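Okay, my_file.cif now, which holds mmCIF, C-alpha atoms:
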data_upload
#
loop_
_atom_site.label_atom_id
_atom_site.label_comp_id
_atom_site.auth_asym_id
_atom_site.auth_seq_id
_atom_site.Cartn_x
_atom_site.Cartn_y
_atom_site.Cartn_z
CA MET A 1 15.47 4.02 5.90
CA VAL A 2 19.03 2.76 5.57
CA PHE A 3 18.43 0.28 2.80
CA LEU A 4 16.68 2.98 0.76
CA VAL A 5 19.23 5.77 1.39
CA LEU A 6 22.19 3.55 0.40
CA LEU A 7 20.68 2.99 -3.04
CA LEU A 8 21.24 6.62 -3.90
CA CYS A 9 24.92 7.40 -4.39
CA ALA A 10 27.73 8.80 -2.33
CA LEU A 11 28.82 12.19 -1.31
CA LYS A 12 31.38 14.40 0.37
CA ALA A 13 30.04 16.56 3.19
CA ARG A 14 30.10 20.30 2.58
CA ALA A 15 29.77 23.29 4.88
CA GLU A 16 26.71 24.55 2.99
CA ASP A 17 23.15 24.79 4.23
CA PRO A 18 21.69 21.29 3.70
CA ALA A 19 18.26 22.57 2.71
CA GLU A 20 19.78 24.83 0.06
CA VAL A 21 21.98 22.00 -1.24
CA ALA A 22 18.91 19.77 -1.51
CA ARG A 23 17.03 22.45 -3.46
CA GLU A 24 19.96 22.71 -5.90
CA VAL A 25 20.04 18.95 -6.42
CA LEU A 26 16.28 18.74 -6.95
CA GLY A 27 16.38 21.72 -9.29
CA SER A 28 19.03 20.30 -11.63
CA PRO A 29 19.71 16.58 -11.07
CA ASP A 30 21.81 14.53 -13.46
CA LEU A 31 19.53 11.56 -12.87
CA ARG A 32 16.08 11.19 -11.36
CA TYR A 33 14.36 7.92 -10.50
CA THR A 34 10.88 7.36 -9.12
CA THR A 35 8.98 4.22 -8.22
CA THR A 36 5.99 3.09 -6.20
CA TRP A 37 6.40 0.77 -3.22
CA THR A 38 3.50 -1.02 -1.55
CA VAL A 39 4.00 -2.49 1.92
CA PRO A 40 1.21 -4.70 3.32
CA CYS A 41 1.61 -3.66 6.95
CA SER A 42 -0.05 -1.36 9.46
CA GLY A 43 0.67 2.34 9.63
CA ARG A 44 2.08 1.91 13.13
CA THR A 45 4.68 -0.63 12.02
CA PHE A 46 5.61 1.39 8.96
CA GLU A 47 6.08 4.57 10.97
CA ALA A 48 8.11 2.77 13.65
CA LEU A 49 10.60 1.32 11.17
CA VAL A 50 11.07 4.29 8.85
CA ALA A 51 11.58 6.50 11.90
CA SER A 52 14.28 4.14 13.23
CA PRO A 53 16.75 3.54 10.36
CA LEU A 54 19.50 2.15 12.60
CA LEU A 55 17.11 -0.39 14.09
CA THR A 56 15.85 -1.30 10.63
CA ALA A 57 19.45 -1.85 9.55
CA ARG A 58 19.92 -4.25 12.48
CA VAL A 59 16.85 -6.23 11.42
CA TRP A 60 18.09 -6.23 7.82
CA ASP A 61 21.40 -7.67 9.00
CA ALA A 62 19.68 -10.26 11.21
CA TYR A 63 17.74 -11.57 8.22
CA GLY A 64 20.92 -11.82 6.17
CA TYR A 65 19.79 -9.71 3.25
CA ALA A 66 22.38 -8.47 0.80
CA PRO A 67 24.24 -6.22 0.42
CA ALA A 68 25.42 -6.33 4.02
CA TYR A 69 24.88 -2.67 4.80
CA ARG A 70 26.56 -1.17 7.84
CA ALA A 71 25.22 1.91 9.57
CA ARG A 72 26.03 4.00 12.61
CA ALA A 73 24.94 7.36 13.95
CA LEU A 74 27.06 10.51 13.88
CA GLY A 75 24.87 12.95 15.77
CA ASP A 76 21.87 13.57 13.55
CA THR A 77 23.61 11.99 10.56
CA LEU A 78 23.81 8.36 9.50
CA LEU A 79 27.12 6.97 8.27
CA LEU A 80 26.35 4.36 5.63
CA LEU A 81 28.68 1.72 4.20
CA ASP A 82 27.97 -0.80 1.47
CA PRO A 83 30.49 -3.50 0.42
CA THR A 84 29.63 -2.89 -3.26
CA GLY A 85 31.41 0.46 -3.09
CA LEU A 86 28.99 3.00 -1.62
CA GLU A 87 30.01 5.15 1.32
CA GLY A 88 28.08 8.16 2.46
CA LYS A 89 26.43 10.32 5.08
CA ALA A 90 22.66 10.68 5.15
CA LEU A 91 21.08 13.67 6.85
CA LEU A 92 17.36 13.74 7.61
CA LEU A 93 16.18 17.03 6.12
CA SER A 94 12.51 16.89 7.00
CA ARG A 95 9.89 14.55 8.35
CA THR A 96 6.11 14.75 8.45
CA PRO A 97 3.51 12.01 8.95
CA SER A 98 3.38 11.53 5.18
CA GLU A 99 6.90 12.33 3.95
CA MET A 100 10.57 11.89 4.82
CA ARG A 101 13.43 13.51 2.91
CA TYR A 102 17.15 12.74 3.17
CA LEU A 103 20.19 14.51 1.79
CA VAL A 104 23.05 12.10 1.07
CA TYR A 105 26.72 13.00 0.72
CA GLY A 106 29.39 10.47 -0.13
CA LYS A 107 31.48 8.61 -2.64
CA LEU A 108 31.10 5.68 -4.99
CA ASP A 109 33.79 3.24 -6.09
CA HIS A 110 32.19 0.82 -8.54
CA TRP A 111 33.33 -0.55 -11.90
CA ALA A 112 29.90 0.03 -13.43
CA VAL A 113 30.17 3.81 -13.06
CA PRO A 114 33.71 4.86 -14.06
CA PHE A 115 34.89 8.41 -13.31
CA PHE A 116 31.99 8.97 -10.93
CA ASN A 117 33.29 8.97 -7.38
CA ARG A 118 31.50 11.80 -5.60
CA GLY A 119 28.06 13.30 -5.79
CA LEU A 120 24.88 14.40 -4.02
CA ALA A 121 21.50 12.78 -3.74
CA VAL A 122 18.10 13.63 -2.31
CA MET A 123 15.75 10.78 -1.44
CA SER A 124 12.08 11.47 -0.76
CA LEU A 125 9.64 8.91 0.63
CA ARG A 126 5.97 9.91 0.49
CA SER A 127 3.51 7.49 2.05
CA ALA A 128 -0.23 7.08 2.43
CA GLU A 129 -2.20 4.42 4.27
CA GLU A 130 -4.64 2.64 1.99
CA GLU A 131 -6.68 -0.52 2.20
CA GLY A 132 -4.28 -3.42 2.51
CA GLY A 133 -1.22 -1.47 3.56
CA ILE A 134 1.01 1.53 2.90
CA VAL A 135 1.61 2.91 -0.59
CA CYS A 136 4.79 4.95 -1.02
CA GLN A 137 6.30 7.03 -3.76
CA VAL A 138 10.08 6.85 -3.70
CA GLU A 139 11.97 9.57 -5.56
CA ILE A 140 15.74 9.74 -5.92
CA ALA A 141 17.53 12.73 -7.45
CA ILE A 142 21.27 12.41 -8.08
CA ARG A 143 23.79 15.05 -9.06
CA ALA A 144 27.51 14.51 -9.60
CA GLU A 145 29.99 16.76 -7.86
CA SER A 146 32.16 17.49 -10.92
CA THR A 147 31.45 18.39 -14.53
CA LEU A 148 33.23 15.24 -15.76
CA SER A 149 31.22 13.02 -13.48
CA SER A 150 28.03 14.76 -14.55
CA LEU A 151 28.83 14.05 -18.20
CA VAL A 152 29.53 10.40 -17.37
CA LEU A 153 26.19 10.03 -15.61
CA GLN A 154 24.27 11.63 -18.43
CA ALA A 155 26.10 9.67 -21.14
CA ALA A 156 25.52 6.35 -19.37
CA GLU A 157 22.03 7.18 -18.13
CA ASP A 158 20.28 4.11 -19.55
CA LEU A 159 22.80 1.66 -18.10
CA ILE A 160 22.97 3.39 -14.72
CA MET A 161 19.20 3.72 -14.41
CA GLU A 162 18.79 0.02 -15.17
CA ARG A 163 21.22 -0.82 -12.36
CA VAL A 164 19.49 1.59 -10.00
CA ARG A 165 16.11 0.10 -10.92
CA ASN A 166 17.32 -3.46 -10.28
CA ARG A 167 18.88 -2.59 -6.93
CA VAL A 168 15.90 -0.58 -5.74
CA THR A 169 13.41 -3.26 -6.79
CA LEU A 170 15.27 -6.03 -4.98
CA ASN A 171 15.96 -3.99 -1.86
CA LEU A 172 12.39 -2.74 -1.57
CA ALA A 173 11.08 -6.29 -1.87
CA ASP A 174 13.36 -7.40 1.00
CA ALA A 175 12.43 -4.32 3.01
CA ALA A 176 8.74 -5.10 2.59
CA SER A 177 9.39 -8.60 3.91
CA ILE A 178 10.94 -7.10 7.05
CA PHE A 179 8.02 -4.74 7.60
CA VAL A 180 5.52 -7.59 7.20
CA ALA A 181 7.48 -9.83 9.59
CA VAL A 182 7.57 -7.12 12.27
CA ASP A 183 3.89 -6.36 11.72
CA ARG A 184 2.71 -9.96 11.97
CA ASP A 185 5.04 -11.43 14.59
CA PRO A 186 7.37 -8.93 16.30
CA ALA A 187 8.28 -11.53 18.94
CA ALA A 188 9.74 -13.80 16.25
CA VAL A 189 11.75 -10.89 14.85
CA LYS A 190 13.06 -10.08 18.34
CA GLN A 191 14.45 -13.60 18.60
CA LYS A 192 16.78 -12.81 15.71
CA LEU A 193 18.10 -9.67 17.42
CA ASN A 194 20.39 -9.15 20.39
CA ALA A 195 18.83 -8.02 23.67
CA GLU A 196 19.53 -4.32 23.12
CA ASP A 197 18.06 -4.26 19.63
CA GLY A 198 15.10 -6.31 20.83
CA ARG A 199 14.34 -3.65 23.43
CA GLY A 200 14.75 -1.03 20.74
CA LEU A 201 12.15 -2.78 18.61
CA ASP A 202 9.72 -2.88 21.51
CA ALA A 203 10.27 0.82 22.15
CA ALA A 204 9.79 1.75 18.49
CA LEU A 205 6.51 -0.15 18.29
CA THR A 206 5.10 1.37 21.45
CA ARG A 207 5.89 5.05 20.80
#

File written out as structure tokens:
Amino acid sequence: MVFLVLLLCALKARAEDPAEVAREVLGSPDLRYTTTWTVPCSGRTFEALVASPLLTARVWDAYGYAPAYRARALGDTLLLLDPTGLEGKALLLSRTPSEMRYLVYGKLDHWAVPFFNRGLAVMSLRSAEEEGGIVCQVEIAIRAESTLSSLVLQAAEDLIMERVRNRVTLNLADAASIFVAVDRDPAAVKQKLNAEDGRGLDAALTR
């Protein structure tokens, strides 16, 4: 999901095995954040949207939610841009019916996190269908690329985690609104999209 992946941090692509890089990040992160996200929609709608991050980004943009994320595909990688200073590449590492995991590379240019401009992040989304909707566990592990940046993250952990928590909470609330809108009235959502994206929404919901 684009709006979830962009919350992570930013990273520079490396020529290493992505799975091995992810294991390193998960094994020794500078920061780790977890939260629970409940989405009152059907499993079909949830699966359709999390499996189609570019389409979800188009819907996000059509509803005018902020930040105004931009996303495009580079093969099997998503290029993600955020006007608040995040820029990165998100690679889907694994996907099962109950879990998706992304590795994110990129860079961050934001006044709130000085001296931290490159790093790695792994985002895991584990979901289960329960009465009333989908319950997800979101886990974000972040590791800086340099020793200095790592020290900055660890020294400012409380401040940074508060900002991450605020951004994630707001973005997940908006994301849930999108999922509910698509679930309850996909035709109304299509009216907000261009013709191509409208066809993409139909295709995602009928897979």

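For the residues A:Leu153, A:Leu81, A:Ile134, A:Val168, ranking by smallest atom-to-atom distance to Ala57 (chain A) using all atoms listed in the file places A:Leu81 first.
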
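When only C-alpha atoms are used to measure the gap to Ala71 (chain A), the shortest distance among A:Val180, A:Val104, A:Leu148, A:Leu54 belongs to A:Leu54.
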
*Any idea what the distance is between CA of Ala204 (chain A) and CA of Phe179 (chain A)?*
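Pair CA of Ala204 (chain A) / CA of Phe179 (chain A) returns 12.8 Å.
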
*asked:* Evaluate the PyMOL selection byres ((chain A and resi 127) around 6) against this structure - the residues, as an NGL selection string, please.
replied: :A and (98 or 126 or 128 or 135-136)

Could you pull the residues within 8 Å of Thr35 (chain A), counting only C-alpha atoms, minus those fewer than 3 positions along the same chain, as a compact mmCIF listing (two decimals) with C-alpha atoms, in the frame of the given file?
# COMPACT_ATOMS: atom_id res chain seq x y z
CA GLN A 137 6.30 7.03 -3.76
CA VAL A 138 10.08 6.85 -3.70
CA GLU A 139 11.97 9.57 -5.56

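One distance worth recording is that between CA of Arg23 (chain A) and CA of Leu159 (chain A), which is 26.1 Å.
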
*Between A:Thr77, A:Glu47, A:Ser150, A:Thr84, single out the one closest to Thr206 (chain A), counting all atoms listed in the file.*
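Nearest to Thr206 (chain A): A:Glu47.
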
*Quote the spacing between CA of Arg32 (chain A) and CA of Ile140 (chain A) in Å to one decimal place.*
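We find that CA of Arg32 (chain A) and CA of Ile140 (chain A) lie 5.6 Å from each other.
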
_Matched chain/residue IDs from the PyMOL selection byres ((chain A and resi 58) around 12), as an MDAnalysis selection string_ = chainID A and resid 1:3 49 52:57 59:65 68:72 178 189:190 192:198 200:201

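By chain and then residue number, the residues within 9 Å of Leu26 (chain A) are A:Val21, A:Ala22, A:Arg23, A:Pro29, A:Arg32, A:Ala121, A:Val122, A:Ala141, A:Ile142, A:Arg143, counting all atoms listed in the file and disregarding those fewer than 3 positions away in sequence.
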
Just-selected residues, C-alpha atoms written as a compact mmCIF listing (two decimals), keeping the file's coordinate frame:
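That gives us part33.txt:
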# COMPACT_ATOMS: atom_id res chain seq x y z
CA VAL A 21 21.98 22.00 -1.24
CA ALA A 22 18.91 19.77 -1.51
CA ARG A 23 17.03 22.45 -3.46
CA PRO A 29 19.71 16.58 -11.07
CA ARG A 32 16.08 11.19 -11.36
CA ALA A 121 21.50 12.78 -3.74
CA VAL A 122 18.10 13.63 -2.31
CA ALA A 141 17.53 12.73 -7.45
CA ILE A 142 21.27 12.41 -8.08
CA ARG A 143 23.79 15.05 -9.06

*Apply the PyMOL selection byres ((chain A and resi 45) around 10) to the displayed file and report the matching residues as JSON, numbers by chain.*
{"A": [41, 42, 43, 44, 46, 47, 48, 49, 50, 51, 179, 180, 181, 182, 183, 184, 186, 204, 205, 206]}

*Distance query 6 Å from (14.7, 15.2, 1.2) using only C-alpha atoms, result as an NGL selection string*: :A and (93 or 101-103 or 122-124)

_Pick from A:Met161, A:Leu125, A:Ser146, A:Pro18, whichever lies nearest to Ala90 (chain A) using all atoms listed in the file_ =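 Closest residue, counting all atoms listed in the file: A:Pro18.
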